[in-house]
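Novice: What follows is the file final_38.txt, containing compact mmCIF, C-alpha atoms and all ligand atoms:
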# COMPACT_ATOMS: atom_id res chain seq x y z
CA MET I 1 -4.39 14.34 138.91
CA ALA I 2 -6.30 11.24 139.99
CA HIS I 3 -10.08 11.38 139.84
CA ALA I 4 -11.90 12.00 143.10
CA ILE I 5 -13.84 8.79 142.56
CA GLU I 6 -13.83 6.28 139.74
CA ALA I 7 -15.55 3.04 138.75
CA ARG I 8 -13.77 0.63 136.42
CA GLY I 9 -15.84 -2.11 134.85
CA ILE I 10 -18.23 -2.53 137.78
CA GLY I 11 -20.63 -5.45 137.47
CA LYS I 12 -23.08 -6.77 140.06
CA ASN I 13 -25.16 -9.94 139.98
CA TYR I 14 -27.66 -11.36 142.42
CA GLY I 15 -27.71 -15.00 141.38
CA ASP I 16 -28.96 -14.99 137.78
CA ASN I 17 -30.10 -11.39 138.05
CA GLU I 18 -27.51 -9.15 136.41
CA VAL I 19 -28.13 -5.75 138.02
CA LEU I 20 -25.09 -3.78 136.78
CA ARG I 21 -22.88 -4.40 133.76
CA ASP I 22 -19.51 -2.88 132.98
CA ILE I 23 -20.02 0.51 134.61
CA ASP I 24 -17.16 2.96 133.99
CA PHE I 25 -17.48 6.44 135.37
CA HIS I 26 -15.49 9.08 137.18
CA ALA I 27 -15.94 12.39 138.95
CA ARG I 28 -13.23 15.01 139.36
CA ARG I 29 -12.55 17.32 142.26
CA GLY I 30 -14.79 20.36 142.00
CA GLU I 31 -17.23 18.52 139.77
CA PHE I 32 -20.94 17.76 140.12
CA VAL I 33 -21.94 14.54 138.38
CA SER I 34 -25.42 12.99 138.22
CA PHE I 35 -26.94 9.64 137.36
CA VAL I 36 -30.37 9.55 135.80
CA GLY I 37 -32.23 6.36 134.93
CA PRO I 38 -35.45 4.41 135.40
CA SER I 39 -36.46 2.84 138.69
CA GLY I 40 -34.69 -0.48 139.22
CA CYS I 41 -31.78 0.24 136.87
CA GLY I 42 -29.32 -0.18 139.73
CA LYS I 43 -28.50 3.38 140.84
CA SER I 44 -28.65 2.62 144.57
CA THR I 45 -26.81 -0.66 144.03
CA LEU I 46 -24.05 1.25 142.23
CA PHE I 47 -23.78 3.73 145.11
CA ASN I 48 -23.66 0.89 147.66
CA VAL I 49 -20.78 -0.59 145.66
CA MET I 50 -18.99 2.78 145.30
CA THR I 51 -19.16 3.41 149.05
CA GLY I 52 -17.87 -0.09 149.85
CA LEU I 53 -21.07 -1.26 151.55
CA LEU I 54 -21.57 -3.93 148.91
CA PRO I 55 -18.86 -5.90 147.10
CA PRO I 56 -19.11 -5.82 143.29
CA SER I 57 -19.15 -9.05 141.26
CA SER I 58 -16.49 -7.55 139.02
CA GLY I 59 -14.53 -4.35 138.56
CA ASP I 60 -12.84 -1.83 140.82
CA VAL I 61 -13.59 1.32 142.78
CA LEU I 62 -10.90 3.99 143.19
CA VAL I 63 -10.97 6.99 145.52
CA HIS I 64 -8.32 9.62 144.77
CA GLY I 65 -6.51 7.01 142.69
CA ARG I 66 -6.39 4.32 145.38
CA THR I 67 -8.30 1.07 145.10
CA THR I 68 -11.03 0.81 147.74
CA THR I 69 -13.12 -1.98 146.19
CA GLY I 70 -15.30 -3.64 148.86
CA ARG I 71 -14.01 -1.27 151.57
CA THR I 72 -15.40 1.92 153.04
CA SER I 73 -13.31 5.07 152.83
CA PRO I 74 -13.23 8.00 155.30
CA GLU I 75 -13.13 10.45 152.38
CA ILE I 76 -16.63 9.44 151.26
CA GLY I 77 -19.92 10.75 152.60
CA TYR I 78 -23.12 8.95 151.65
CA VAL I 79 -26.69 10.18 151.93
CA LEU I 80 -28.77 7.06 151.38
CA GLN I 81 -32.11 6.95 149.60
CA LYS I 82 -33.76 5.90 152.89
CA ASP I 83 -33.07 8.23 155.81
CA LEU I 84 -32.04 5.44 158.23
CA LEU I 85 -32.17 7.35 161.51
CA LEU I 86 -31.88 5.57 164.85
CA PRO I 87 -35.38 5.74 166.40
CA TRP I 88 -34.08 5.85 169.99
CA ARG I 89 -31.87 8.90 169.38
CA THR I 90 -33.14 12.46 169.12
CA MET I 91 -32.73 14.36 165.85
CA LEU I 92 -29.64 16.04 167.31
CA GLY I 93 -28.34 12.68 168.53
CA ASN I 94 -28.75 11.29 165.02
CA VAL I 95 -27.04 14.25 163.34
CA VAL I 96 -23.94 14.06 165.57
CA LEU I 97 -23.66 10.28 165.16
CA GLY I 98 -20.97 10.38 162.46
CA LEU I 99 -18.82 12.84 164.43
CA GLU I 100 -19.21 10.74 167.57
CA VAL I 101 -18.06 7.64 165.70
CA ARG I 102 -15.01 9.64 164.63
CA GLY I 103 -14.27 10.38 168.26
CA VAL I 104 -15.19 14.09 168.31
CA ALA I 105 -16.24 15.15 171.83
CA ARG I 106 -20.03 15.27 172.29
CA LYS I 107 -19.98 18.95 173.31
CA GLU I 108 -18.05 20.08 170.24
CA ALA I 109 -20.14 17.86 167.95
CA THR I 110 -23.34 19.32 169.42
CA GLU I 111 -22.18 22.91 168.91
CA ARG I 112 -21.32 22.26 165.28
CA ALA I 113 -24.62 20.46 164.70
CA ARG I 114 -26.74 23.26 166.19
CA GLU I 115 -25.55 25.71 163.53
CA LEU I 116 -26.66 23.29 160.84
CA PHE I 117 -30.11 22.87 162.39
CA ALA I 118 -30.69 26.58 161.85
CA ALA I 119 -29.33 26.52 158.29
CA TYR I 120 -31.58 23.58 157.38
CA GLY I 121 -34.72 25.18 158.85
CA MET I 122 -34.78 22.72 161.73
CA ALA I 123 -34.12 24.96 164.74
CA GLY I 124 -36.36 23.87 167.62
CA PHE I 125 -36.57 20.25 166.48
CA GLU I 126 -33.24 19.13 167.99
CA ASN I 127 -34.83 17.14 170.82
CA ARG I 128 -37.62 15.48 168.88
CA TYR I 129 -37.40 11.80 167.97
CA PRO I 130 -37.51 10.66 164.32
CA ALA I 131 -41.07 9.31 164.74
CA GLN I 132 -42.21 12.79 165.85
CA VAL I 133 -41.14 14.70 162.73
CA SER I 134 -42.05 14.68 159.03
CA GLY I 135 -40.34 12.66 156.30
CA GLY I 136 -38.75 15.84 154.92
CA MET I 137 -37.26 16.61 158.33
CA ARG I 138 -35.87 13.11 158.70
CA GLN I 139 -34.31 13.45 155.26
CA ARG I 140 -32.75 16.77 156.31
CA ALA I 141 -31.27 15.10 159.41
CA ALA I 142 -29.70 12.42 157.22
CA LEU I 143 -28.25 15.18 155.00
CA MET I 144 -26.93 17.12 157.99
CA ARG I 145 -25.31 14.00 159.46
CA THR I 146 -23.29 13.59 156.26
CA MET I 147 -22.52 17.29 155.69
CA LEU I 148 -21.27 17.70 159.26
CA LEU I 149 -18.47 15.25 158.44
CA ASP I 150 -17.36 17.55 155.59
CA PRO I 151 -16.42 14.68 153.26
CA GLU I 152 -14.30 15.15 150.13
CA VAL I 153 -16.58 13.04 147.97
CA ILE I 154 -20.33 13.12 148.59
CA LEU I 155 -22.70 10.53 147.15
CA MET I 156 -26.35 11.49 147.34
CA ASP I 157 -29.15 9.12 146.41
CA GLU I 158 -32.28 11.23 145.83
CA ALA I 159 -31.22 13.23 148.86
CA TYR I 160 -33.55 16.20 148.29
CA LYS I 161 -36.61 14.30 147.16
CA ALA I 162 -38.75 14.82 150.28
CA LEU I 163 -38.04 18.56 150.62
CA ASP I 164 -40.34 21.38 149.64
CA TYR I 165 -39.28 23.38 146.61
CA PRO I 166 -37.92 26.63 148.15
CA LEU I 167 -35.79 24.77 150.69
CA LYS I 168 -34.65 22.34 148.03
CA ILE I 169 -33.37 25.05 145.69
CA GLN I 170 -31.73 26.90 148.58
CA LEU I 171 -29.86 23.79 149.75
CA GLU I 172 -28.98 22.82 146.20
CA SER I 173 -27.57 26.30 145.50
CA GLU I 174 -25.44 26.03 148.63
CA LEU I 175 -24.26 22.55 147.72
CA LEU I 176 -23.26 23.68 144.24
CA ALA I 177 -21.42 26.72 145.66
CA MET I 178 -19.54 24.42 148.03
CA VAL I 179 -18.49 22.17 145.15
CA ARG I 180 -17.28 25.19 143.14
CA GLU I 181 -15.38 26.80 146.01
CA SER I 182 -13.70 23.69 147.37
CA SER I 183 -12.11 20.69 145.78
CA ARG I 184 -15.01 18.53 146.86
CA CYS I 185 -17.16 16.56 144.47
CA VAL I 186 -20.75 15.39 144.45
CA VAL I 187 -22.16 12.33 142.72
CA PHE I 188 -25.92 12.54 142.65
CA VAL I 189 -28.85 10.27 141.80
CA THR I 190 -32.13 11.77 140.68
CA HIS I 191 -35.24 10.85 138.71
CA ASP I 192 -35.74 14.50 137.95
CA ILE I 193 -34.20 15.61 134.65
CA GLU I 194 -34.68 19.29 135.51
CA GLU I 195 -32.72 18.81 138.72
CA ALA I 196 -29.96 16.94 136.87
CA VAL I 197 -29.58 19.71 134.26
CA THR I 198 -29.58 22.61 136.73
CA LEU I 199 -27.01 21.02 139.04
CA SER I 200 -24.65 18.93 136.97
CA ASP I 201 -21.44 19.38 135.04
CA ARG I 202 -21.96 15.92 133.59
CA VAL I 203 -24.86 13.48 133.51
CA TYR I 204 -24.65 9.73 133.05
CA VAL I 205 -27.81 8.15 131.68
CA LEU I 206 -28.49 4.57 132.71
CA LYS I 207 -30.80 1.95 131.26
CA ALA I 208 -32.20 -1.07 133.13
CA ARG I 209 -31.83 -4.87 132.93
CA PRO I 210 -28.92 -4.91 133.15
CA GLY I 211 -28.03 -1.46 134.45
CA GLN I 212 -25.66 0.08 131.92
CA ILE I 213 -24.51 3.56 131.05
CA VAL I 214 -26.03 4.48 127.69
CA GLU I 215 -24.93 8.09 127.51
CA GLU I 216 -22.60 10.62 129.10
CA ILE I 217 -23.64 14.23 128.58
CA GLU I 218 -21.50 17.28 129.36
CA VAL I 219 -23.81 20.03 130.58
CA ASP I 220 -22.68 23.57 129.93
CA LEU I 221 -25.44 26.04 130.67
CA GLY I 222 -23.11 28.99 130.07
CA VAL I 223 -24.03 30.34 133.53
CA SER I 224 -21.36 30.89 136.17
CA SER I 225 -23.85 31.49 138.97
CA THR I 226 -24.51 28.67 141.40
CA ARG I 227 -28.05 29.93 142.03
CA ILE I 228 -30.52 27.31 140.88
CA GLU I 229 -33.07 29.92 139.69
CA GLU I 230 -30.49 31.55 137.40
CA ARG I 231 -29.26 28.24 136.04
CA ARG I 232 -32.83 27.15 135.32
CA MET I 233 -33.33 30.33 133.23
CA SER I 234 -30.37 29.58 130.97
CA PRO I 235 -31.35 29.71 127.27
CA ARG I 236 -29.47 26.42 126.88
CA PHE I 237 -31.50 24.59 129.55
CA ASN I 238 -33.99 23.02 127.13
CA GLU I 239 -31.27 21.68 124.85
CA PHE I 240 -29.76 19.58 127.66
CA TYR I 241 -33.15 18.63 129.07
CA GLU I 242 -34.09 17.22 125.67
CA ARG I 243 -30.83 15.32 125.24
CA ILE I 244 -31.25 13.56 128.58
CA TRP I 245 -34.95 12.92 127.92
CA ARG I 246 -34.05 11.24 124.65
CA GLY I 247 -31.18 9.39 126.34
CA ILE I 248 -33.43 7.71 128.89
CA ASP I 249 -35.80 6.72 126.12
CA ALA I 250 -38.60 8.31 128.09
CA PRO I 251 -41.44 7.24 125.76
CA ALA I 252 -40.42 3.59 126.28
CA VAL I 253 -40.30 4.11 130.05
CA ALA I 254 -43.75 5.74 130.00
CA ALA I 255 -45.14 2.90 127.84
CA GLY I 256 -43.76 0.37 130.32
CA ALA I 257 -45.39 2.24 133.20
CA SER I 258 -48.79 2.35 131.47
CA ALA I 259 -48.53 -1.37 130.70
CA ARG I 260 -47.82 -2.06 134.38
CA ILE I 261 -50.82 -0.07 135.57
CA GLY I 262 -52.96 -1.83 132.96
CA ARG I 263 -53.72 1.01 130.56
N1 LIG P 1 -30.29 -7.59 147.90
C1 LIG P 1 -30.81 -7.80 146.68
N2 LIG P 1 -31.05 -9.04 146.24
C2 LIG P 1 -31.54 -9.27 145.01
N3 LIG P 1 -31.84 -8.29 144.11
C3 LIG P 1 -31.61 -7.04 144.50
C4 LIG P 1 -31.08 -6.70 145.79
N4 LIG P 1 -30.96 -5.36 145.87
C5 LIG P 1 -31.39 -4.87 144.69
N5 LIG P 1 -31.78 -5.86 143.87
C6 LIG P 1 -32.31 -5.69 142.49
O1 LIG P 1 -31.41 -4.84 141.81
C7 LIG P 1 -32.12 -4.01 140.90
C8 LIG P 1 -31.67 -2.58 141.07
O2 LIG P 1 -32.11 -2.06 142.32
P1 LIG P 1 -31.72 -0.60 142.81
O3 LIG P 1 -32.39 -0.40 144.10
O4 LIG P 1 -30.25 -0.45 142.76
O5 LIG P 1 -32.38 0.30 141.67
P2 LIG P 1 -32.55 1.91 141.61
O6 LIG P 1 -32.09 2.33 140.25
O7 LIG P 1 -31.89 2.52 142.78
O8 LIG P 1 -34.13 2.09 141.70
P3 LIG P 1 -34.98 3.32 142.30
O9 LIG P 1 -34.89 4.42 141.28
O10 LIG P 1 -36.37 2.78 142.40
O11 LIG P 1 -34.41 3.70 143.62
C9 LIG P 1 -33.60 -4.24 141.14
O12 LIG P 1 -34.09 -5.05 140.11
C10 LIG P 1 -33.64 -4.95 142.47
O13 LIG P 1 -34.70 -5.84 142.51
MG MG P 2 -32.56 3.66 144.34
Let me see the file written as structure tokens.

Specialist:
Amino acid sequence: MAHAIEARGIGKNYGDNEVLRDIDFHARRGEFVSFVGPSGCGKSTLFNVMTGLLPPSSGDVLVHGRTTTGRTSPEIGYVLQKDLLLPWRTMLGNVVLGLEVRGVARKEATERARELFAAYGMAGFENRYPAQVSGGMRQRAALMRTMLLDPEVILMDEAYKALDYPLKIQLESELLAMVRESSRCVVFVTHDIEEAVTLSDRVYVLKARPGQIVEEIEVDLGVSSTRIEERRMSPRFNEFYERIWRGIDAPAVAAGASARIGR
């Protein structure tokens, strides 16, 4: 069966700046795949290319086996790194935006959205404007807007970063359960190795300048549960944590950071 989403030889240049080189990756239906890599290695650029918002300089994007390079696809949902809400719409108005664009009646869209507000701990904030709520709430609205569309392939760029820990692990557990129970797939970007290990079936490690995949790691925690707490307690957790840590050449990244802050 065709992969849910696939990149073949993706490259991206901005003038002389080679941001991505020869990226090959895929994600299957029912699979949770993550990208981990240093800041500036091109993770968001790769996602913008995969979703068709940005044309690549070379290579192809396939969704369910069909070429979609440089085009958006209705099967893809994208939670961007920045929450990008419309300031003149209420939180509810922002969450139903995607459904409205698809032509779903406002009343039906609103009913479906209200259930999500409760599930995401946002009941009572439906009529606030983005400027009147916290960053974590805006991020949740961006998540809800995508989840309400129930896409087959979900790309998430640091989607849970601004959330507090209990809510984050609750939403992540639910996301993982959804991936397991349906034929959907999630492709995820995170800086957090712990998050990558607890959630992923496979992790791609990227390096910077140019952005390239340096390692692909199959994660098998030997835990069937989708509960984040139980996955985190797996005796195999540390083994995968260490492999990814070594893959991103963390000491070199840390040395670079200290050099930049003048230590
Ligand atoms: N429109 C643009 N024009 C020129 N260079 C760009 C543009 N967008 C991104 N870049 C460059 O591409 C590189 C990768 O950026 P990108 O935002 O994809 O990295 P990232 O891995 O998502 O970083 P972070 O972890 O900080 O979010 C950076 O060096 C950035 O300066
Ligand atoms: Mg980014």

Novice: What's the 7 Å shell around Val95 in chain I, counting all atoms listed in the file, without same-chain residues fewer than 2 positions away, as a list in words?

Specialist: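 That gives Met91, Leu92, Gly93, Leu97, Ala113, Ala141, Ala142, Met144 and Arg145 of chain I.
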
Novice: Kindly indicate which residue among I:Arg231, I:Arg128, I:Arg138, I:Arg202 lies nearest to Arg28 in chain I, using only C-alpha atoms for the distances.

Specialist: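 So, comparing all the options, the nearest one is I:Arg202.
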
Novice: Taking all atoms listed in the file into account, report as number ranges by chain which residues have an atom no farther than 9 Å from an atom of ligand LIG 1 (chain P).

Specialist: I: 12-15, 17-20, 36-48, 81, 157-158, 189-191, 206, 208-211

Novice: What is the distance, in Å and to one decimal place, between CA of Ile248 in chain I and CA of Glu218 in chain I?

Specialist: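 Going from CA of Ile248 in chain I over to CA of Glu218 in chain I covers 15.3 Å.
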
Novice: Nearest to ligand MG 2 (chain P): which of I:Ala159, I:Ala105, I:Arg243, I:Ser234 is it, counting all atoms listed in the file?

Specialist: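 Checking each candidate against ligand MG 2 (chain P), we get I:Ala159 as the closest.
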
Novice: Looking at I:Leu86, I:Gly136, I:Asp22, I:Met156, which one is nearest to ligand MG 2 (chain P), with distances taken over all atoms listed in the file?

Specialist: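 Counting all atoms listed in the file, the residue closest to ligand MG 2 (chain P) is I:Met156.
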
Novice: Given all atoms listed in the file as the basis, pick out the residue of I:Thr146, I:Ser57, I:Ser134, I:Thr51 nearest to Val96 in chain I.

Specialist: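 Nearest to Val96 in chain I: I:Thr146.
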
Novice: Can you work out which one of I:Arg112, I:Arg180, I:Lys161, I:Arg106 has the shortest atom-to-atom distance to ligand MG 2 (chain P), counting all atoms listed in the file?

Specialist: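 Of all the options, I:Lys161 lies closest to ligand MG 2 (chain P).
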
Novice: Of the residues I:Thr67, I:Phe188, I:Met1, I:Thr72, which is the one nearest to ligand MG 2 (chain P), using all atoms listed in the file?

Specialist: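 Nearest candidate to ligand MG 2 (chain P) out of I:Thr67, I:Phe188, I:Met1, I:Thr72: I:Phe188.
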
Novice: At what distance in Å, to one decimal, does CA of Tyr204 in chain I lie from CA of Phe35 in chain I?

Specialist: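 CA of Tyr204 in chain I lies at a distance of 4.9 Å from CA of Phe35 in chain I.
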
Novice: So how far away is CA of Leu84 in chain I from CA of Ala131 in chain I, in Å?

Specialist: 11.8 Å

Novice: Tell me, as a list in words, which residues lie within 10 Å of Ala7 in chain I, counting only C-alpha atoms; anything in the same chain fewer than 3 positions away does not count.

Specialist: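 The residues satisfying every condition are Ile10, Gly11, Asp22, Ile23, Asp24, Phe25, His26, Ala27, Leu46, Val49, Met50, Gly59, Asp60, Val61, Leu62, Val63, Thr67 and Thr69 of chain I.
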